[in-house]
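**Q** For reference, the file input39.txt (compact mmCIF, C-alpha atoms and all ligand atoms) is included below:
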```
# COMPACT_ATOMS: atom_id res chain seq x y z
CA MET X 84 -0.81 -6.72 6.03
CA ARG X 85 0.60 -10.09 5.03
CA ILE X 86 -1.14 -12.68 2.87
CA ASP X 87 0.28 -16.20 2.45
CA ILE X 88 -1.16 -18.09 -0.50
CA LEU X 89 -0.88 -21.89 -0.67
CA THR X 90 -1.14 -23.13 -4.23
CA LEU X 91 -0.03 -25.80 -6.68
CA PHE X 92 0.39 -23.14 -9.39
CA PRO X 93 2.21 -20.06 -8.03
CA GLU X 94 2.87 -18.81 -11.60
CA LEU X 95 -0.86 -18.20 -12.05
CA PHE X 96 -0.50 -15.12 -9.83
CA ASP X 97 2.19 -13.42 -11.94
CA GLY X 98 -0.42 -11.57 -13.99
CA PRO X 99 -2.95 -10.48 -11.33
CA PHE X 100 -0.28 -9.33 -8.87
CA GLY X 101 2.20 -7.93 -11.38
CA TYR X 102 0.34 -4.79 -12.42
CA SER X 103 -1.66 -1.77 -11.35
CA ILE X 104 -2.89 -1.19 -7.80
CA VAL X 105 -1.98 -4.58 -6.31
CA LYS X 106 1.62 -4.25 -7.54
CA ARG X 107 1.85 -0.64 -6.32
CA THR X 108 0.45 -1.64 -2.93
CA VAL X 109 3.09 -4.38 -2.69
CA ASP X 110 5.85 -2.02 -3.88
CA LYS X 111 4.82 0.54 -1.23
CA GLY X 112 5.19 -2.16 1.43
CA LEU X 113 1.52 -1.86 2.44
CA ILE X 114 0.87 -5.51 1.67
CA GLN X 115 3.19 -8.49 1.57
CA ILE X 116 2.09 -11.44 -0.57
CA GLN X 117 3.97 -14.74 -0.12
CA LEU X 118 3.31 -17.63 -2.48
CA HIS X 119 3.94 -21.17 -1.26
CA ASN X 120 4.01 -24.15 -3.58
CA ILE X 121 2.17 -26.91 -1.69
CA ARG X 122 4.29 -29.47 -3.55
CA ASP X 123 7.39 -28.20 -1.69
CA TYR X 124 5.78 -29.45 1.54
CA SER X 125 5.17 -33.00 0.32
CA THR X 126 7.33 -35.59 2.07
CA ASN X 127 6.44 -38.14 -0.60
CA LYS X 128 9.47 -39.18 -2.68
CA HIS X 129 7.58 -38.30 -5.89
CA LYS X 130 6.39 -34.99 -4.39
CA ALA X 131 2.80 -36.18 -4.80
CA VAL X 132 0.12 -33.91 -3.36
CA ASP X 133 -3.05 -35.81 -4.30
CA ASP X 134 -4.48 -39.31 -4.20
CA TYR X 135 -7.56 -41.33 -5.10
CA PRO X 136 -10.68 -40.75 -3.00
CA PHE X 137 -11.46 -43.33 -0.33
CA GLY X 138 -14.65 -45.14 -1.32
CA GLY X 139 -13.92 -44.67 -5.02
CA GLY X 140 -15.27 -42.16 -7.49
CA ALA X 141 -13.88 -39.85 -10.14
CA GLY X 142 -11.09 -37.32 -9.65
CA MET X 143 -8.21 -36.87 -7.25
CA VAL X 144 -8.26 -35.38 -3.76
CA MET X 145 -5.59 -33.05 -2.36
CA GLN X 146 -3.91 -34.71 0.61
CA ILE X 147 -3.87 -33.16 4.06
CA GLU X 148 -0.20 -33.75 4.87
CA PRO X 149 1.56 -31.16 2.65
CA ILE X 150 -1.13 -28.58 3.44
CA PHE X 151 -0.81 -29.29 7.17
CA ASN X 152 3.00 -29.00 6.95
CA CYS X 153 2.83 -25.62 5.22
CA ILE X 154 0.15 -24.14 7.50
CA THR X 155 1.90 -25.43 10.64
CA LYS X 156 5.21 -23.83 9.59
CA LEU X 157 3.49 -20.49 8.91
CA LYS X 158 1.59 -20.59 12.21
CA GLU X 159 4.85 -21.17 14.07
CA GLU X 160 6.13 -17.90 12.62
CA ARG X 161 3.10 -15.65 13.28
CA THR X 162 -0.56 -15.61 14.28
CA TYR X 163 -3.18 -15.56 11.55
CA ASP X 164 -6.53 -13.77 11.64
CA GLU X 165 -8.06 -16.32 9.26
CA VAL X 166 -7.06 -19.44 7.35
CA ILE X 167 -9.27 -19.22 4.28
CA TYR X 168 -10.16 -21.96 1.80
CA LEU X 169 -11.43 -20.81 -1.60
CA SER X 170 -14.29 -23.06 -2.60
CA PRO X 171 -17.47 -22.79 -4.69
CA ASP X 172 -19.51 -23.87 -1.64
CA GLY X 173 -18.03 -21.22 0.67
CA GLU X 174 -19.64 -17.99 1.89
CA LEU X 175 -20.32 -15.65 -1.02
CA PHE X 176 -17.63 -12.94 -1.24
CA ASP X 177 -18.94 -9.38 -1.15
CA GLN X 178 -17.82 -5.84 -0.32
CA PRO X 179 -18.52 -6.04 3.45
CA MET X 180 -16.38 -9.20 3.60
CA ALA X 181 -13.60 -7.43 1.66
CA ASN X 182 -13.84 -4.50 4.10
CA ASN X 183 -13.57 -6.89 7.04
CA LEU X 184 -10.58 -8.77 5.65
CA SER X 185 -8.75 -5.53 4.82
CA GLY X 186 -8.47 -4.95 8.59
CA ALA X 187 -6.61 -8.24 9.14
CA LYS X 188 -2.89 -8.39 9.91
CA ASN X 189 -2.12 -11.87 8.56
CA LEU X 190 -4.18 -14.11 6.30
CA ILE X 191 -3.65 -17.55 4.76
CA LEU X 192 -5.46 -18.36 1.51
CA LEU X 193 -5.57 -22.00 0.43
CA CYS X 194 -6.30 -22.76 -3.23
CA GLY X 195 -7.86 -26.13 -3.99
CA HIS X 196 -7.64 -28.20 -7.17
CA TYR X 197 -8.98 -31.43 -8.62
CA LYS X 198 -11.92 -32.71 -6.54
CA GLY X 199 -10.88 -30.43 -3.66
CA VAL X 200 -9.03 -30.99 -0.41
CA ASP X 201 -9.38 -33.87 2.06
CA GLU X 202 -12.34 -32.88 4.25
CA ARG X 203 -10.13 -32.93 7.37
CA VAL X 204 -8.32 -29.84 6.03
CA ARG X 205 -11.63 -27.98 6.21
CA GLN X 206 -12.54 -29.52 9.55
CA TYR X 207 -9.30 -28.88 11.41
CA LEU X 208 -7.20 -26.26 9.61
CA ILE X 209 -9.58 -23.81 7.92
CA THR X 210 -11.38 -20.98 9.76
CA LYS X 211 -13.32 -19.49 6.83
CA GLU X 212 -14.47 -20.64 3.38
CA ILE X 213 -15.05 -18.16 0.58
CA SER X 214 -16.74 -18.53 -2.82
CA ILE X 215 -16.48 -15.77 -5.42
CA GLY X 216 -19.63 -16.93 -7.19
CA SER X 217 -21.96 -19.83 -7.91
CA TYR X 218 -19.86 -21.48 -10.60
CA VAL X 219 -16.94 -23.90 -10.52
CA LEU X 220 -13.46 -22.73 -11.50
CA THR X 221 -10.60 -25.11 -12.29
CA GLY X 222 -8.95 -24.13 -9.03
CA GLY X 223 -8.97 -21.58 -6.22
CA GLU X 224 -6.21 -19.39 -7.67
CA LEU X 225 -8.39 -17.00 -9.67
CA ALA X 226 -10.73 -16.72 -6.68
CA ALA X 227 -7.77 -15.96 -4.37
CA ALA X 228 -6.56 -13.30 -6.82
CA VAL X 229 -10.04 -11.70 -6.78
CA VAL X 230 -10.08 -11.65 -2.96
CA VAL X 231 -6.55 -10.18 -2.75
CA ASP X 232 -7.37 -7.54 -5.36
CA ALA X 233 -10.58 -6.44 -3.61
CA VAL X 234 -8.83 -6.37 -0.20
CA ALA X 235 -5.56 -4.73 -1.31
CA ARG X 236 -7.25 -1.65 -2.79
CA LEU X 237 -8.99 -1.00 0.56
CA ILE X 238 -5.76 -0.77 2.55
CA PRO X 239 -5.21 2.88 3.51
CA GLY X 240 -2.69 4.39 1.10
CA ALA X 241 -3.29 1.82 -1.67
CA ILE X 242 -5.41 4.18 -3.72
CA GLY X 243 -4.17 7.73 -4.17
CA ASP X 244 -7.52 9.35 -3.55
CA GLU X 245 -8.83 7.84 -0.28
CA GLN X 246 -12.30 9.02 -1.16
CA SER X 247 -12.25 6.89 -4.27
CA ALA X 248 -12.44 3.53 -2.47
CA LEU X 249 -15.15 4.82 -0.16
CA SER X 250 -17.33 5.95 -3.07
CA ASP X 251 -17.09 2.59 -4.87
CA SER X 252 -20.20 0.71 -5.80
CA PHE X 253 -21.47 -1.37 -2.85
CA GLN X 254 -19.64 0.65 -0.19
CA ASP X 255 -22.93 2.27 0.81
CA GLY X 256 -25.04 -0.62 -0.42
CA LEU X 257 -25.70 1.17 -3.71
CA ILE X 258 -24.34 1.04 -7.27
CA SER X 259 -22.07 3.99 -8.15
CA PRO X 260 -23.58 6.85 -10.19
CA PRO X 261 -22.47 7.32 -13.82
CA VAL X 262 -19.23 9.23 -14.44
CA TYR X 263 -18.19 11.39 -17.40
CA THR X 264 -15.07 13.24 -18.54
CA ARG X 265 -14.01 15.52 -21.40
CA PRO X 266 -15.27 16.24 -24.00
CA ALA X 267 -18.61 17.51 -22.68
CA ASN X 268 -20.09 16.92 -26.12
CA PHE X 269 -18.95 13.99 -28.25
CA ASN X 270 -20.73 13.55 -31.59
CA GLY X 271 -23.72 15.35 -30.07
CA TRP X 272 -23.78 12.95 -27.07
CA GLU X 273 -23.88 15.31 -24.13
CA VAL X 274 -22.84 15.08 -20.51
CA PRO X 275 -25.73 15.84 -18.06
CA ALA X 276 -25.76 19.62 -17.62
CA ILE X 277 -25.90 19.39 -13.83
CA LEU X 278 -22.31 18.03 -13.76
CA LEU X 279 -21.06 21.18 -15.51
CA SER X 280 -23.07 23.53 -13.28
CA GLY X 281 -20.51 23.97 -10.52
CA HIS X 282 -23.25 23.53 -7.82
CA GLN X 283 -21.58 20.86 -5.67
CA ALA X 284 -24.58 20.26 -3.40
CA LYS X 285 -26.88 19.78 -6.40
CA ILE X 286 -24.32 17.52 -8.08
CA ASP X 287 -24.08 15.38 -4.92
CA ALA X 288 -27.88 15.14 -4.72
CA TRP X 289 -28.09 14.18 -8.42
CA ARG X 290 -25.40 11.52 -7.97
CA HIS X 291 -27.19 10.04 -4.99
CA GLY X 292 -30.46 9.96 -6.94
CA GLN X 293 -28.71 8.25 -9.85
CA SER X 294 -27.21 5.67 -7.46
CA ILE X 295 -30.67 4.80 -6.16
CA LEU X 296 -32.18 4.63 -9.65
CA ARG X 297 -29.35 2.44 -10.95
CA THR X 298 -29.58 0.13 -7.98
CA GLN X 299 -33.35 -0.24 -8.43
CA LEU X 300 -32.77 -1.01 -12.12
CA LYS X 301 -29.66 -3.21 -12.03
CA ARG X 302 -29.45 -4.70 -8.53
CA PRO X 303 -32.85 -4.50 -6.81
CA ASP X 304 -31.62 -7.34 -4.54
CA LEU X 305 -29.42 -4.75 -2.77
CA LEU X 306 -32.51 -2.81 -1.73
CA GLY X 307 -35.10 -3.84 0.86
CA ASP X 308 -38.23 -5.81 -0.13
CA ASP X 309 -40.09 -2.53 -0.60
CA GLY X 310 -37.41 -1.24 -3.00
CA ASP X 311 -36.24 1.35 -0.48
CA VAL X 312 -32.62 2.07 0.32
CA ASN X 313 -31.65 -0.11 3.30
N1 LIG S 401 -12.75 -22.80 -6.56
C1 LIG S 401 -13.43 -23.29 -7.61
N2 LIG S 401 -14.50 -22.54 -7.88
C2 LIG S 401 -14.51 -21.53 -6.96
C3 LIG S 401 -15.37 -20.43 -6.71
N3 LIG S 401 -16.45 -20.19 -7.44
N4 LIG S 401 -15.07 -19.61 -5.69
C4 LIG S 401 -13.99 -19.85 -4.91
N5 LIG S 401 -13.15 -20.87 -5.10
C5 LIG S 401 -13.39 -21.71 -6.12
```
When written as structure tokens, how does the structure in this file appear?
Ligand code: ADE
**A**
Amino acid sequence: MRIDILTLFPELFDGPFGYSIVKRTVDKGLIQIQLHNIRDYSTNKHKAVDDYPFGGGAGMVMQIEPIFNCITKLKEERTYDEVIYLSPDGELFDQPMANNLSGAKNLILLCGHYKGVDERVRQYLITKEISIGSYVLTGGELAAAVVVDAVARLIPGAIGDEQSALSDSFQDGLISPPVYTRPANFNGWEVPAILLSGHQAKIDAWRHGQSILRTQLKRPDLLGDDGDVN
């Protein structure tokens, strides 16, 4: 899988992509992440990428030309499954969307800044808009990093134990059950006895019950109106 990220601040990704599973997935060649500085595609002699909004008002607007130049060049080289714009008013990102995107071959992620991009970018160049939550970040970079992280760990081979990604919270519409490790007794705080019993079928049933209970308690919105598992 290949992900091209268009940004004004490529350095912002050094941290999120430089460690742990995302880095290992890149190192294994399972995912290729290419950062493109939108400024490099400006034909303006000052390398400007933004301008005042037509009609007046506060803030600057990212111009279409450098974004168009970058996307056009990339599209000449390969076909993209989606050209995604990260925006607070996009479709809310969730696990099913991450699952879907992890099946893509090539993706473009466009990070906005200032007041956002010229509307014609969204009209003519973007195929999907994603929000990571109902709050406004200073730019799309952190949102893009969240999307890449959630997608990268789903690529087969990214996580050592394949089962681990499948048993994540949300994969079956439920919150994960609690987990424990050694010591079985810490300061008198004990691990549930069932987990030490060795009865795998009973352990699985207990875990499933805990998942349902936790979901009812913490995220009832994931359950149907009647509180049942969907
Ligand atoms: N850019 C600014 N805020 C954002 C958000 N909440 N989600 C995605 N992109 C954004």
**Q** I'd like to know which of X:Ala235, X:Ala131, X:Leu118, X:Leu169 is closest to X:His196, using only C-alpha atoms.
**A** X:Leu169
**Q** Mind listing as a JSON list (two decimals) with C-alpha atoms, in the frame of the given file all residues within 10 Å of (-6.6, -17.0, -6.8), counting all atoms listed in the file?
**A**
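result-v3.json was written with the following content:
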```json
[["chain", "number", "residue", "atom", "x", "y", "z"],
["X", 88, "ILE", "CA", -1.16, -18.09, -0.50],
["X", 89, "LEU", "CA", -0.88, -21.89, -0.67],
["X", 90, "THR", "CA", -1.14, -23.13, -4.23],
["X", 92, "PHE", "CA", 0.39, -23.14, -9.39],
["X", 93, "PRO", "CA", 2.21, -20.06, -8.03],
["X", 95, "LEU", "CA", -0.86, -18.20, -12.05],
["X", 96, "PHE", "CA", -0.50, -15.12, -9.83],
["X", 99, "PRO", "CA", -2.95, -10.48, -11.33],
["X", 169, "LEU", "CA", -11.43, -20.81, -1.60],
["X", 192, "LEU", "CA", -5.46, -18.36, 1.51],
["X", 193, "LEU", "CA", -5.57, -22.00, 0.43],
["X", 194, "CYS", "CA", -6.30, -22.76, -3.23],
["X", 195, "GLY", "CA", -7.86, -26.13, -3.99],
["X", 222, "GLY", "CA", -8.95, -24.13, -9.03],
["X", 223, "GLY", "CA", -8.97, -21.58, -6.22],
["X", 224, "GLU", "CA", -6.21, -19.39, -7.67],
["X", 225, "LEU", "CA", -8.39, -17.00, -9.67],
["X", 226, "ALA", "CA", -10.73, -16.72, -6.68],
["X", 227, "ALA", "CA", -7.77, -15.96, -4.37],
["X", 228, "ALA", "CA", -6.56, -13.30, -6.82],
["X", 229, "VAL", "CA", -10.04, -11.70, -6.78],
["X", 230, "VAL", "CA", -10.08, -11.65, -2.96],
["X", 231, "VAL", "CA", -6.55, -10.18, -2.75],
["X", 232, "ASP", "CA", -7.37, -7.54, -5.36]]
```
**Q** Excluding stretch 271-279 of chain X and any residue of its chain fewer than 5 positions from it, enumerate the residues within 12 Å of it, using all atoms listed in the file, and give them as a PyMOL selection string.
**A** chain X and resi 260-266+284-290+293
**Q** Print the selection's residues with C-alpha atoms to a file, as a short mmCIF file (atom, residue, chain, number, x, y, z; two decimals), in the coordinates of the input.
**A**
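Okay, this is what ended up in out-v7.cif:
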```cif
data_model
loop_
_atom_site.label_atom_id
_atom_site.label_comp_id
_atom_site.auth_asym_id
_atom_site.auth_seq_id
_atom_site.Cartn_x
_atom_site.Cartn_y
_atom_site.Cartn_z
CA PRO X 260 -23.58 6.85 -10.19
CA PRO X 261 -22.47 7.32 -13.82
CA VAL X 262 -19.23 9.23 -14.44
CA TYR X 263 -18.19 11.39 -17.40
CA THR X 264 -15.07 13.24 -18.54
CA ARG X 265 -14.01 15.52 -21.40
CA PRO X 266 -15.27 16.24 -24.00
CA ALA X 284 -24.58 20.26 -3.40
CA LYS X 285 -26.88 19.78 -6.40
CA ILE X 286 -24.32 17.52 -8.08
CA ASP X 287 -24.08 15.38 -4.92
CA ALA X 288 -27.88 15.14 -4.72
CA TRP X 289 -28.09 14.18 -8.42
CA ARG X 290 -25.40 11.52 -7.97
CA GLN X 293 -28.71 8.25 -9.85
#
```
**Q** Smallest atom-to-atom distance to ligand LIG 401 (chain S): which of X:Ile167, X:Ile242, X:Ile295, X:Leu208, using all atoms listed in the file?
**A**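 Nearest candidate to ligand LIG 401 (chain S) out of X:Ile167, X:Ile242, X:Ile295, X:Leu208: X:Ile167.
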**Q** To one decimal place, how far is atom CA of X:Arg203 from atom CA of X:Asn182 in Å?
**A**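 Interatomic distance, atom CA of X:Arg203 to atom CA of X:Asn182: 28.9 Å.
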**Q** Go through X:Asn270, X:Ser252, X:Ser280, X:Ser214 and flag the residue nearest ligand LIG 401 (chain S), using all atoms listed in the file for the distances.
**A** X:Ser214
**Q** Please, what distance in Å, to one decimal, runs between atom CA of X:Thr126 and atom CA of X:Ile147?
**A**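 Between atom CA of X:Thr126 and atom CA of X:Ile147 the gap is 11.6 Å.
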**Q** Please list as a ChimeraX atom specification every residue within 7 Å of X:Ile215, counting only C-alpha atoms and excluding residues in the same chain fewer than 2 positions away.
**A** /X:175-176,213,226
**Q** Which is closer to ligand LIG 401 (chain S) than all the others in X:Ser247, X:Gln254, X:Thr221, X:Gln283, using only C-alpha atoms and all ligand atoms?
**A**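 For ligand LIG 401 (chain S), the nearest of the given residues is X:Thr221.
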**Q** Within 9 Å of X:Leu113, counting only C-alpha atoms, which residues qualify if same-chain residues fewer than 2 places away don't, as a list in words?
**A**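 Those residues are Met84, Arg85, Arg107, Thr108, Val109, Asp110, Lys111, Gln115, Ala235, Ile238, Pro239, Gly240 and Ala241 of chain X.
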**Q** Give the answer as one residue: which of X:Met180, X:Val219, X:Met145, X:Ile121 has the shortest atom-to-atom distance to ligand LIG 401 (chain S), using only C-alpha atoms and all ligand atoms?
**A**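 Ranked by minimum distance to ligand LIG 401 (chain S), first place goes to X:Val219.
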**Q** By how many Å are atom CA of X:Arg205 and atom CA of X:Val166 apart?
**A**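 Going from atom CA of X:Arg205 over to atom CA of X:Val166, I get 9.8 Å.
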**Q** With distances taken over all atoms listed in the file, which residue among X:Arg236, X:Thr155, X:Asn127, X:Asp164 lies nearest X:Lys106?
**A**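 Of X:Arg236, X:Thr155, X:Asn127, X:Asp164, the one nearest X:Lys106 is X:Arg236, counting all atoms listed in the file.
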**Q** Would you fill out stretch 204-225 of chain X with N, CA and C atoms and return it as a CSV table (one decimal), keeping the file's coordinate frame?
**A**
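Heads up, here's the output in rebuild_34.csv:
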```
chain,number,residue,atom,x,y,z
X,204,VAL,N,-8.9,-31.2,6.1
X,204,VAL,CA,-8.3,-29.8,6.0
X,204,VAL,C,-9.4,-28.8,6.4
X,205,ARG,N,-10.6,-28.9,5.9
X,205,ARG,CA,-11.6,-28.0,6.2
X,205,ARG,C,-12.1,-28.1,7.7
X,206,GLN,N,-12.1,-29.3,8.2
X,206,GLN,CA,-12.5,-29.5,9.6
X,206,GLN,C,-11.6,-29.0,10.6
X,207,TYR,N,-10.3,-29.2,10.3
X,207,TYR,CA,-9.3,-28.9,11.4
X,207,TYR,C,-8.4,-27.7,11.1
X,208,LEU,N,-8.2,-27.3,9.9
X,208,LEU,CA,-7.2,-26.3,9.6
X,208,LEU,C,-7.8,-24.9,9.1
X,209,ILE,N,-9.0,-25.0,8.6
X,209,ILE,CA,-9.6,-23.8,7.9
X,209,ILE,C,-10.5,-23.1,8.9
X,210,THR,N,-10.5,-21.7,8.9
X,210,THR,CA,-11.4,-21.0,9.8
X,210,THR,C,-12.5,-20.3,9.0
X,211,LYS,N,-12.3,-20.2,7.6
X,211,LYS,CA,-13.3,-19.5,6.8
X,211,LYS,C,-13.3,-20.0,5.4
X,212,GLU,N,-14.4,-20.2,4.8
X,212,GLU,CA,-14.5,-20.6,3.4
X,212,GLU,C,-15.2,-19.6,2.5
X,213,ILE,N,-14.5,-19.2,1.4
X,213,ILE,CA,-15.0,-18.2,0.6
X,213,ILE,C,-15.3,-18.7,-0.8
X,214,SER,N,-16.4,-18.3,-1.4
X,214,SER,CA,-16.7,-18.5,-2.8
X,214,SER,C,-16.8,-17.2,-3.5
X,215,ILE,N,-16.3,-17.1,-4.7
X,215,ILE,CA,-16.5,-15.8,-5.4
X,215,ILE,C,-17.7,-15.8,-6.3
X,216,GLY,N,-18.4,-16.9,-6.4
X,216,GLY,CA,-19.6,-16.9,-7.2
X,216,GLY,C,-20.1,-18.4,-7.4
X,217,SER,N,-21.4,-18.5,-7.8
X,217,SER,CA,-22.0,-19.8,-7.9
X,217,SER,C,-21.6,-20.5,-9.2
X,218,TYR,N,-20.4,-20.8,-9.4
X,218,TYR,CA,-19.9,-21.5,-10.6
X,218,TYR,C,-18.6,-22.1,-10.2
X,219,VAL,N,-18.1,-23.2,-10.9
X,219,VAL,CA,-16.9,-23.9,-10.5
X,219,VAL,C,-15.8,-23.5,-11.4
X,220,LEU,N,-14.7,-23.0,-10.8
X,220,LEU,CA,-13.5,-22.7,-11.5
X,220,LEU,C,-12.6,-24.0,-11.5
X,221,THR,N,-11.5,-23.9,-12.3
X,221,THR,CA,-10.6,-25.1,-12.3
X,221,THR,C,-9.8,-25.2,-11.0
X,222,GLY,N,-9.7,-24.1,-10.3
X,222,GLY,CA,-9.0,-24.1,-9.0
X,222,GLY,C,-9.2,-22.9,-8.3
X,223,GLY,N,-8.7,-22.7,-7.1
X,223,GLY,CA,-9.0,-21.6,-6.2
X,223,GLY,C,-8.1,-20.4,-6.5
X,224,GLU,N,-7.2,-20.5,-7.5
X,224,GLU,CA,-6.2,-19.4,-7.7
X,224,GLU,C,-6.9,-18.1,-8.2
X,225,LEU,N,-7.8,-18.2,-9.2
X,225,LEU,CA,-8.4,-17.0,-9.7
X,225,LEU,C,-9.3,-16.4,-8.6
```
